[in-house]
Every structure is written in C-alpha cells, then in structure tokens.
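Notes follow once the structure below has been shown.
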Amino acid sequence: MAFRYLVGRGKDRILVDTGNGNAEYIQAFQSILSTRDLTLSKILVTHLHPAHAGGLDPLSRVTWVSSPTIMKHGHSPRGFPNLTSIKYTSLTDGIIIQTSDGDTTLKVLHTPGHTRDSIVFRLSEEDAIITGDTLVPHDGAASVVLEDPVAYLASLRRLDALFPKLAYPGHGDVVVPATDLIKRSIEEQMQLPERIIEALCSGGGIMDARDMVRRLIADAPEEARRNFTGTVLQHLLELEKRGKVRKRSVPKRVPSAAYEERDPDRIKGPGGLTLAQVSKLVKESRAKDDKVYGLKPVEKSQEKGKDFSGAESGKSGKLERSEVVQLHPAHRELEPLVEVVWSVV
C-alpha cells in the first residue's frame, strides 16, 4: 500500500495519490472530510501504478458537493494499462497548483525514470517534495525498479538541485534531510554500471544477466533478483552503446553433446571465440558461483529448442532451453535478453 497525502491548511484540500481503491479506505476518507468540514478540489497522482492510482475510479464515482479535478501525467507506465478512462487534466512540468483558498502551493516536476509518467510535487510552504516512487527509503540500488535508468539519474540530479528539507515518499518514513537520500541514490546509480562490469569480469568476463545478479545480490529473495535482472539488462544495453560490453549470441546452457557434431573447435561466435571456448568459460564461471556463493543449479524446463542448424526438437543436436523468466512488468520487453551471454570488450 502506498501513502496518500491530504495537502492543505484551510478548508480546501488536495489529495496526492489515491491508494489501491480499497472500499474501507474510500469510506474512511469521506468520513474525514465530512467530520472536519473539508472540501476536496483536486486529486493528483504521482504515477499510474495501481498502489498509487488504483483509487481513481472509485473516487470518481463518489457523489461530491463539488467534484474534484483529477490530474495526472499524460503517459502511462510500461507494462501497466491505463487504470482509468475518466476525464482528467494533464499534469505538465512546471505548472503551479494551489488550493482554492491559495494557502498551499504545489509545483509539478516531471521526473521520469521509475516510470515515464512519474511526477514529484514541490510543496513550497514547507520546502518539501512529495515524491511518489521517484525517491523512497531503500536498501541499495537493487531495490529500485526503473523503466529508464538514464532518465532516473537526471531526475535525481534535478531534485538534488532543489535542496529540499524533507521528502514525503510513497513508501517508508518521511525523509529528513531529503538531500542525504537524494545524494546517496545518485551515488548508487552512478556506481551500478561499474559494479556490473566488475561482476562480469569476476566470472571470467562472460556470463548472462542472471549470473551477474547472483554475484551482485547473492542473498536477496527471488522477487528482488527478478526485478534486479531487468535493471542489470537495462544497464548492459547502455554499456553496449558505450562500447564497454557486447552480446554473445550463444545459448546459456547447452549440453556438451550438442556441440560434438558441430565441431566446437572451429565454429566461432560474433566475438571470435569458438563455441568450445565459450562453453568452457561459462562452465567455469558457473562452477565458481556455486563454490563462492553456494548457488544451486537452475532448474531446466522440459521444453526443447532447436539446434544451431535449425533442426527440430527430437533430432540430433537439440538444445535444452532453460526455464523462461518473467521480469517485472516494467522490464517485460527485455525478457528475450535474459539468457543472452555478455562479455567485456
């Protein structure tokens, strides 16, 4: 459950984020407004993830004395449908939003990275920011799920330039001073590409994203590793653009028998290594993982793939494909890259 903030000091209030639309919350929220004789002029959302915007539809069906204006960014997050078909006013960077009595002012900051539509609101009267999921207390870069790491780093730097005294996050405690968390988050994001390269080098310079994740966060729970796999793939693609790493178009787990008829000492991949050399490096890397981190072999599915010559399953030279991994919805488009083997340039 994400936090919701009822902003304002006078009779009129602004609601920032709606929660997931739980019926008990909607009823309690109406009771608070009625008991305190408050009005609600605007409903704002930091981004359209269900935990933050799932209450838009239920709140839009409430009978209000004066219906509040619903405001959100025009985009929707990757991997999530637009949660509402109700009418809304688009939030654009730099606009000023006030309560009807003018006692509270919010400035809209478009801060993409966590999602394309992420918004941070600057609360002028408190020198504070309401951050949604753009800035939350967290335990290392591995716990931050991003759609775009490059945009996210730029957004963090923008927040850093504001020098806010405190941050009201979508999850976790209020952050005081906010600048400490912002600077730590920037440092983590800047260090992550080098940490990925170090993990790749420590395994002999060739491995897939899941092996890198095991080296980077060996003790993390399965969901955290799944989410971080998408983050690692995003950074690998950026590192590839910079000429730091390259893809190896070689299946990750291939029984040695599959190579026998293909002359592994002669066939070379895109990087110039023979299939036998690649297979040896991958096996050595995995054996080192098992020894150092106490890792268990990944289960293989029964699904059969094709061999290098395109032979159908059941014929000689067939390859076993490891179990398909489902990434976080924000990273779903990266799933074809999960088993791609990477190497340092």
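Each chain of the structure tokens is named A, B, ... in the order shown, its residues numbered from 1; ligands are numbered from 1 in display order.
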(message) Residues near A:Phe163, anyone? I mean within 10 Å using only C-alpha atoms, not counting same-chain ones fewer than 2 positions away, as a PyMOL selection string.
(response) chain A and resi 127-129+158-161+165-166+177-180+182
Can you write just those residues out, C-alpha atoms, as a PDB file, in the first residue's frame?
ATOM      1  CA  ASP A 127      10.348  23.423   1.308  1.00  0.00           C
ATOM      2  CA  ALA A 128       9.403  19.781   0.835  1.00  0.00           C
ATOM      3  CA  ILE A 129       8.817  17.345  -2.015  1.00  0.00           C
ATOM      4  CA  ARG A 158      17.160  17.751 -10.664  1.00  0.00           C
ATOM      5  CA  LEU A 159      15.798  17.036  -7.182  1.00  0.00           C
ATOM      6  CA  ASP A 160      19.270  17.492  -5.700  1.00  0.00           C
ATOM      7  CA  ALA A 161      19.440  20.996  -7.167  1.00  0.00           C
ATOM      8  CA  LYS A 165      14.480  19.987   3.550  1.00  0.00           C
ATOM      9  CA  LEU A 166      12.257  16.923   3.643  1.00  0.00           C
ATOM     10  CA  PRO A 177      17.014  15.753   5.401  1.00  0.00           C
ATOM     11  CA  ALA A 178      15.920  14.775   1.915  1.00  0.00           C
ATOM     12  CA  THR A 179      19.240  15.788   0.364  1.00  0.00           C
ATOM     13  CA  ASP A 180      21.081  12.902   2.063  1.00  0.00           C
ATOM     14  CA  ILE A 182      18.969  12.042  -2.921  1.00  0.00           C
TER      15      ILE A 182
END
For the contact check between stretch 179-265 of chain A and stretch 134-146 of chain A, emit one row per residue of stretch 179-265 of chain A within 7 Å, containing the shortest atom pair and the distance in Å rounded to one decimal, counting only C-alpha atoms, chain then rising number order, as CSV.
residue,atom,partner,partner_atom,distance
A:Glu188,CA,A:Ala141,CA,5.7
A:Gln189,CA,A:Ala141,CA,6.5
A:Ala224,CA,A:Ser143,CA,6.6
A:Asn227,CA,A:Val145,CA,6.5
A:Phe228,CA,A:Ala142,CA,5.5
A:Thr231,CA,A:Leu146,CA,6.8
Store the residues picked out above in a file with N, CA and C atoms, as a compact mmCIF listing (two decimals), in the first residue's frame.
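Saved to part.txt:
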# COMPACT_ATOMS: atom_id res chain seq x y z
N GLU A 188 24.58 5.66 -5.86
CA GLU A 188 24.28 4.25 -6.16
C GLU A 188 24.07 4.04 -7.66
N GLN A 189 23.32 4.95 -8.27
CA GLN A 189 23.05 4.81 -9.70
C GLN A 189 24.31 5.00 -10.54
N ALA A 224 13.32 -9.92 -5.57
CA ALA A 224 14.32 -8.86 -5.72
C ALA A 224 15.29 -9.20 -6.84
N ASN A 227 13.49 -8.61 -10.18
CA ASN A 227 13.40 -7.19 -10.51
C ASN A 227 14.75 -6.62 -10.91
N PHE A 228 15.80 -7.04 -10.20
CA PHE A 228 17.13 -6.51 -10.47
C PHE A 228 17.68 -7.03 -11.79
N THR A 231 16.88 -4.51 -14.30
CA THR A 231 17.74 -3.34 -14.14
C THR A 231 19.13 -3.58 -14.72
Could you tell me, as an mmCIF file with N, CA and C atoms, in the first residue's frame, which residues of stretch 15-163 of chain A DSSP assigns to strand (DSSP E or B) when given the backbone?
data_model
loop_
_atom_site.group_PDB
_atom_site.id
_atom_site.type_symbol
_atom_site.label_atom_id
_atom_site.label_comp_id
_atom_site.auth_asym_id
_atom_site.auth_seq_id
_atom_site.Cartn_x
_atom_site.Cartn_y
_atom_site.Cartn_z
ATOM 1 N N LEU A 15 -5.684 16.055 -2.633
ATOM 2 C CA LEU A 15 -5.252 14.685 -2.353
ATOM 3 C C LEU A 15 -4.169 14.294 -3.354
ATOM 4 N N VAL A 16 -3.016 13.859 -2.838
ATOM 5 C CA VAL A 16 -1.935 13.364 -3.694
ATOM 6 C C VAL A 16 -1.859 11.848 -3.535
ATOM 7 N N GLY A 19 -4.043 5.551 -3.323
ATOM 8 C CA GLY A 19 -4.007 4.173 -2.847
ATOM 9 C C GLY A 19 -4.602 3.244 -3.887
ATOM 10 N N THR A 39 -13.320 20.418 2.094
ATOM 11 C CA THR A 39 -13.659 20.183 0.696
ATOM 12 C C THR A 39 -12.421 19.659 -0.029
ATOM 13 N N LEU A 40 -12.656 18.981 -1.127
ATOM 14 C CA LEU A 40 -11.563 18.420 -1.934
ATOM 15 C C LEU A 40 -11.680 18.982 -3.342
ATOM 16 N N SER A 41 -10.711 19.816 -3.724
ATOM 17 C CA SER A 41 -10.809 20.462 -5.036
ATOM 18 C C SER A 41 -10.040 19.722 -6.121
ATOM 19 N N LYS A 42 -8.994 18.950 -5.717
ATOM 20 C CA LYS A 42 -8.156 18.297 -6.730
ATOM 21 C C LYS A 42 -7.654 16.949 -6.216
ATOM 22 N N ILE A 43 -7.527 16.007 -7.150
ATOM 23 C CA ILE A 43 -6.888 14.715 -6.885
ATOM 24 C C ILE A 43 -5.722 14.590 -7.854
ATOM 25 N N LEU A 44 -4.512 14.476 -7.316
ATOM 26 C CA LEU A 44 -3.307 14.376 -8.134
ATOM 27 C C LEU A 44 -2.693 12.988 -7.946
ATOM 28 N N THR A 69 -11.170 18.050 -9.419
ATOM 29 C CA THR A 69 -10.472 17.874 -10.691
ATOM 30 C C THR A 69 -9.413 16.792 -10.534
ATOM 31 N N ILE A 70 -9.423 15.823 -11.426
ATOM 32 C CA ILE A 70 -8.440 14.741 -11.385
ATOM 33 C C ILE A 70 -7.301 15.098 -12.332
ATOM 34 N N MET A 71 -6.069 15.015 -11.821
ATOM 35 C CA MET A 71 -4.915 15.451 -12.597
ATOM 36 C C MET A 71 -3.828 14.382 -12.568
ATOM 37 N N LYS A 72 -3.314 14.039 -13.749
ATOM 38 C CA LYS A 72 -2.227 13.074 -13.869
ATOM 39 C C LYS A 72 -1.408 13.410 -15.105
ATOM 40 N N THR A 89 -7.242 16.191 -16.147
ATOM 41 C CA THR A 89 -6.431 17.301 -16.633
ATOM 42 C C THR A 89 -4.978 16.860 -16.605
ATOM 43 N N SER A 90 -4.256 17.110 -17.676
ATOM 44 C CA SER A 90 -2.880 16.633 -17.778
ATOM 45 C C SER A 90 -1.936 17.483 -16.931
ATOM 46 N N ILE A 96 1.852 25.317 -11.730
ATOM 47 C CA ILE A 96 1.607 25.565 -10.310
ATOM 48 C C ILE A 96 0.164 25.185 -9.984
ATOM 49 N N ILE A 97 -0.005 24.441 -8.901
ATOM 50 C CA ILE A 97 -1.329 24.026 -8.449
ATOM 51 C C ILE A 97 -1.534 24.551 -7.037
ATOM 52 N N GLN A 98 -2.691 25.144 -6.789
ATOM 53 C CA GLN A 98 -2.978 25.698 -5.472
ATOM 54 C C GLN A 98 -4.336 25.227 -4.975
ATOM 55 N N THR A 105 0.680 25.657 -2.054
ATOM 56 C CA THR A 105 1.143 25.699 -3.442
ATOM 57 C C THR A 105 1.993 24.476 -3.756
ATOM 58 N N LEU A 106 1.665 23.809 -4.849
ATOM 59 C CA LEU A 106 2.432 22.665 -5.338
ATOM 60 C C LEU A 106 2.939 22.973 -6.742
ATOM 61 N N LYS A 107 4.236 22.736 -6.965
ATOM 62 C CA LYS A 107 4.809 22.879 -8.301
ATOM 63 C C LYS A 107 5.050 21.494 -8.880
ATOM 64 N N VAL A 108 4.652 21.287 -10.125
ATOM 65 C CA VAL A 108 4.773 19.986 -10.779
ATOM 66 C C VAL A 108 6.164 19.831 -11.383
ATOM 67 N N LEU A 109 6.832 18.725 -11.032
ATOM 68 C CA LEU A 109 8.131 18.390 -11.607
ATOM 69 C C LEU A 109 8.005 17.028 -12.286
ATOM 70 N N HIS A 110 8.153 16.995 -13.596
ATOM 71 C CA HIS A 110 8.132 15.706 -14.299
ATOM 72 C C HIS A 110 9.487 15.046 -14.093
ATOM 73 N N ILE A 119 5.791 11.883 -11.411
ATOM 74 C CA ILE A 119 5.710 13.298 -11.040
ATOM 75 C C ILE A 119 6.146 13.457 -9.588
ATOM 76 N N VAL A 120 6.905 14.510 -9.320
ATOM 77 C CA VAL A 120 7.201 14.943 -7.955
ATOM 78 C C VAL A 120 6.549 16.308 -7.766
ATOM 79 N N PHE A 121 5.941 16.505 -6.612
ATOM 80 C CA PHE A 121 5.312 17.791 -6.309
ATOM 81 C C PHE A 121 6.150 18.524 -5.263
ATOM 82 N N ARG A 122 6.499 19.758 -5.568
ATOM 83 C CA ARG A 122 7.244 20.559 -4.594
ATOM 84 C C ARG A 122 6.265 21.393 -3.781
ATOM 85 N N LEU A 123 6.270 21.162 -2.475
ATOM 86 C CA LEU A 123 5.389 21.871 -1.550
ATOM 87 C C LEU A 123 6.135 23.097 -1.037
ATOM 88 N N ALA A 128 9.448 21.239 0.838
ATOM 89 C CA ALA A 128 9.403 19.781 0.835
ATOM 90 C C ALA A 128 9.024 19.278 -0.554
ATOM 91 N N ILE A 129 9.237 17.979 -0.769
ATOM 92 C CA ILE A 129 8.817 17.345 -2.015
ATOM 93 C C ILE A 129 7.987 16.102 -1.687
ATOM 94 N N ILE A 130 6.929 15.904 -2.464
ATOM 95 C CA ILE A 130 6.105 14.694 -2.378
ATOM 96 C C ILE A 130 6.507 13.843 -3.571
ATOM 97 N N THR A 131 7.109 12.687 -3.308
ATOM 98 C CA THR A 131 7.916 12.042 -4.345
ATOM 99 C C THR A 131 7.328 10.792 -4.986
ATOM 100 N N GLY A 132 6.208 10.271 -4.482
ATOM 101 C CA GLY A 132 5.725 9.015 -5.049
ATOM 102 C C GLY A 132 6.799 7.945 -4.918
#
(request) Would you mind listing what lies within 12 Å of A:Leu200 as a PyMOL selection string, with only C-alpha atoms counted and same-chain residues fewer than 4 positions away left out? (result) chain A and resi 193-196+204-216+232+236+244-246+281-282+285-286+289+341-345
(message) Using only C-alpha atoms for the distances, tell me which of A:Gly172, A:Gly94, A:Pro68, A:Gly102 is nearest to A:Gly8.
(response)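 Looking at the shortest contact to A:Gly8, the residue is A:Gly102.
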(message) Using Å and a single decimal, report how far atom CA of A:Asp148 sits from atom CA of A:Ile14.
(response)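 Interatomic distance here is 29.2 Å.
Take the candidates A:Asp173, A:Asp101, A:Asp17, A:Glu238 and check each one against A:Arg4 using only C-alpha atoms; the shortest distance goes to A:Asp17.
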Need to verify the contact set: stretch 22-33 of chain A, 10 Å, only C-alpha atoms, exclusion of same-chain residues closer than 4 positions in sequence. Can you return it as a compact mmCIF listing (two decimals) with all heavy atoms, in the first residue's frame?
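Output (part30.txt):
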# COMPACT_ATOMS: atom_id res chain seq x y z
N MET A 1 0.84 -1.19 0.00
CA MET A 1 0.00 0.00 0.00
C MET A 1 0.88 1.25 0.00
O MET A 1 1.81 1.36 0.79
CB MET A 1 -0.92 0.00 1.22
CG MET A 1 -1.72 1.28 1.41
SD MET A 1 -2.96 1.53 0.13
CE MET A 1 -4.16 0.29 0.60
N LEU A 6 -3.01 14.22 2.14
CA LEU A 6 -4.05 15.23 2.06
C LEU A 6 -3.40 16.57 2.38
O LEU A 6 -3.02 16.84 3.53
CB LEU A 6 -5.18 14.91 3.06
CG LEU A 6 -6.47 15.72 2.91
CD1 LEU A 6 -7.08 15.53 1.54
CD2 LEU A 6 -7.46 15.33 4.00
N LYS A 11 -9.78 25.11 4.61
CA LYS A 11 -10.94 24.27 4.38
C LYS A 11 -10.75 23.39 3.14
O LYS A 11 -11.14 22.22 3.12
CB LYS A 11 -12.20 25.14 4.21
CG LYS A 11 -13.48 24.37 3.93
CD LYS A 11 -14.65 25.33 3.78
CE LYS A 11 -15.93 24.58 3.40
NZ LYS A 11 -16.36 23.64 4.46
N ASP A 12 -10.14 23.95 2.10
CA ASP A 12 -9.96 23.20 0.85
C ASP A 12 -8.68 22.38 0.90
O ASP A 12 -7.64 22.85 1.38
CB ASP A 12 -9.91 24.17 -0.34
CG ASP A 12 -9.79 23.42 -1.65
OD1 ASP A 12 -10.51 22.43 -1.84
OD2 ASP A 12 -8.96 23.82 -2.49
N ARG A 13 -8.73 21.16 0.37
CA ARG A 13 -7.57 20.27 0.38
C ARG A 13 -7.32 19.67 -1.00
O ARG A 13 -8.21 19.63 -1.86
CB ARG A 13 -7.77 19.13 1.40
CG ARG A 13 -7.96 19.61 2.84
CD ARG A 13 -6.73 20.37 3.35
NE ARG A 13 -6.96 20.99 4.63
CZ ARG A 13 -6.62 20.44 5.80
NH1 ARG A 13 -6.06 19.23 5.83
NH2 ARG A 13 -6.85 21.09 6.93
N THR A 18 -3.97 8.05 -4.47
CA THR A 18 -5.27 7.55 -4.01
C THR A 18 -5.21 6.19 -3.34
O THR A 18 -6.24 5.70 -2.87
CB THR A 18 -6.23 7.43 -5.21
OG1 THR A 18 -5.76 6.39 -6.09
CG2 THR A 18 -6.33 8.75 -5.97
N ASP A 37 -15.32 19.01 8.04
CA ASP A 37 -15.92 20.03 7.17
C ASP A 37 -14.91 20.55 6.14
O ASP A 37 -14.70 21.75 5.98
CB ASP A 37 -16.44 21.20 8.02
CG ASP A 37 -17.32 22.15 7.19
OD1 ASP A 37 -17.91 21.68 6.19
OD2 ASP A 37 -17.37 23.35 7.53
N LEU A 38 -14.27 19.59 5.46
CA LEU A 38 -13.27 19.92 4.44
C LEU A 38 -13.84 19.68 3.05
O LEU A 38 -14.70 18.83 2.85
CB LEU A 38 -12.01 19.07 4.63
CG LEU A 38 -11.28 19.18 5.96
CD1 LEU A 38 -10.14 18.17 6.03
CD2 LEU A 38 -10.76 20.60 6.18
N THR A 39 -13.32 20.42 2.09
CA THR A 39 -13.66 20.18 0.70
C THR A 39 -12.42 19.66 -0.03
O THR A 39 -11.29 19.88 0.41
CB THR A 39 -14.14 21.47 0.01
OG1 THR A 39 -13.09 22.46 0.07
CG2 THR A 39 -15.39 22.01 0.68
N LEU A 40 -12.66 18.98 -1.13
CA LEU A 40 -11.56 18.42 -1.93
C LEU A 40 -11.68 18.98 -3.34
O LEU A 40 -12.61 18.66 -4.07
CB LEU A 40 -11.65 16.89 -1.95
CG LEU A 40 -10.50 16.15 -2.64
CD1 LEU A 40 -9.21 16.29 -1.83
CD2 LEU A 40 -10.85 14.67 -2.83
N GLY A 54 -4.87 3.36 -8.00
CA GLY A 54 -5.98 2.42 -8.08
C GLY A 54 -7.29 2.97 -7.54
O GLY A 54 -8.36 2.43 -7.83
N GLY A 55 -7.22 4.04 -6.76
CA GLY A 55 -8.45 4.62 -6.20
C GLY A 55 -9.10 5.67 -7.07
O GLY A 55 -10.13 6.24 -6.69
N PRO A 58 -12.82 4.49 -8.13
CA PRO A 58 -13.78 4.56 -7.02
C PRO A 58 -14.06 5.99 -6.56
O PRO A 58 -15.21 6.35 -6.28
CB PRO A 58 -13.10 3.75 -5.91
CG PRO A 58 -12.19 2.82 -6.62
CD PRO A 58 -11.70 3.57 -7.81
N LEU A 59 -13.03 6.82 -6.48
CA LEU A 59 -13.24 8.20 -6.04
C LEU A 59 -14.03 9.01 -7.07
O LEU A 59 -14.78 9.92 -6.71
CB LEU A 59 -11.89 8.88 -5.78
CG LEU A 59 -11.17 8.47 -4.49
CD1 LEU A 59 -9.76 9.04 -4.45
CD2 LEU A 59 -11.96 8.93 -3.26
N VAL A 62 -17.73 8.72 -6.41
CA VAL A 62 -18.28 9.30 -5.18
C VAL A 62 -19.11 10.53 -5.53
O VAL A 62 -18.78 11.30 -6.44
CB VAL A 62 -17.14 9.69 -4.22
CG1 VAL A 62 -17.68 10.51 -3.04
CG2 VAL A 62 -16.43 8.44 -3.71
N TRP A 64 -19.89 14.03 -4.86
CA TRP A 64 -19.29 15.16 -4.18
C TRP A 64 -20.21 16.38 -4.29
O TRP A 64 -20.96 16.52 -5.25
CB TRP A 64 -17.94 15.52 -4.81
CG TRP A 64 -16.96 14.40 -4.87
CD1 TRP A 64 -16.74 13.56 -5.91
CD2 TRP A 64 -16.05 14.00 -3.84
NE1 TRP A 64 -15.76 12.65 -5.61
CE2 TRP A 64 -15.30 12.90 -4.34
CE3 TRP A 64 -15.78 14.45 -2.55
CZ2 TRP A 64 -14.32 12.26 -3.60
CZ3 TRP A 64 -14.80 13.82 -1.81
CH2 TRP A 64 -14.08 12.74 -2.33
(request) Can you work out which one of A:Arg226, A:Arg242, A:His235, A:His328 has the shortest atom-to-atom distance to A:Pro149, counting only C-alpha atoms? (result)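 Of the candidates, the smallest distance to A:Pro149 is held by A:His235.
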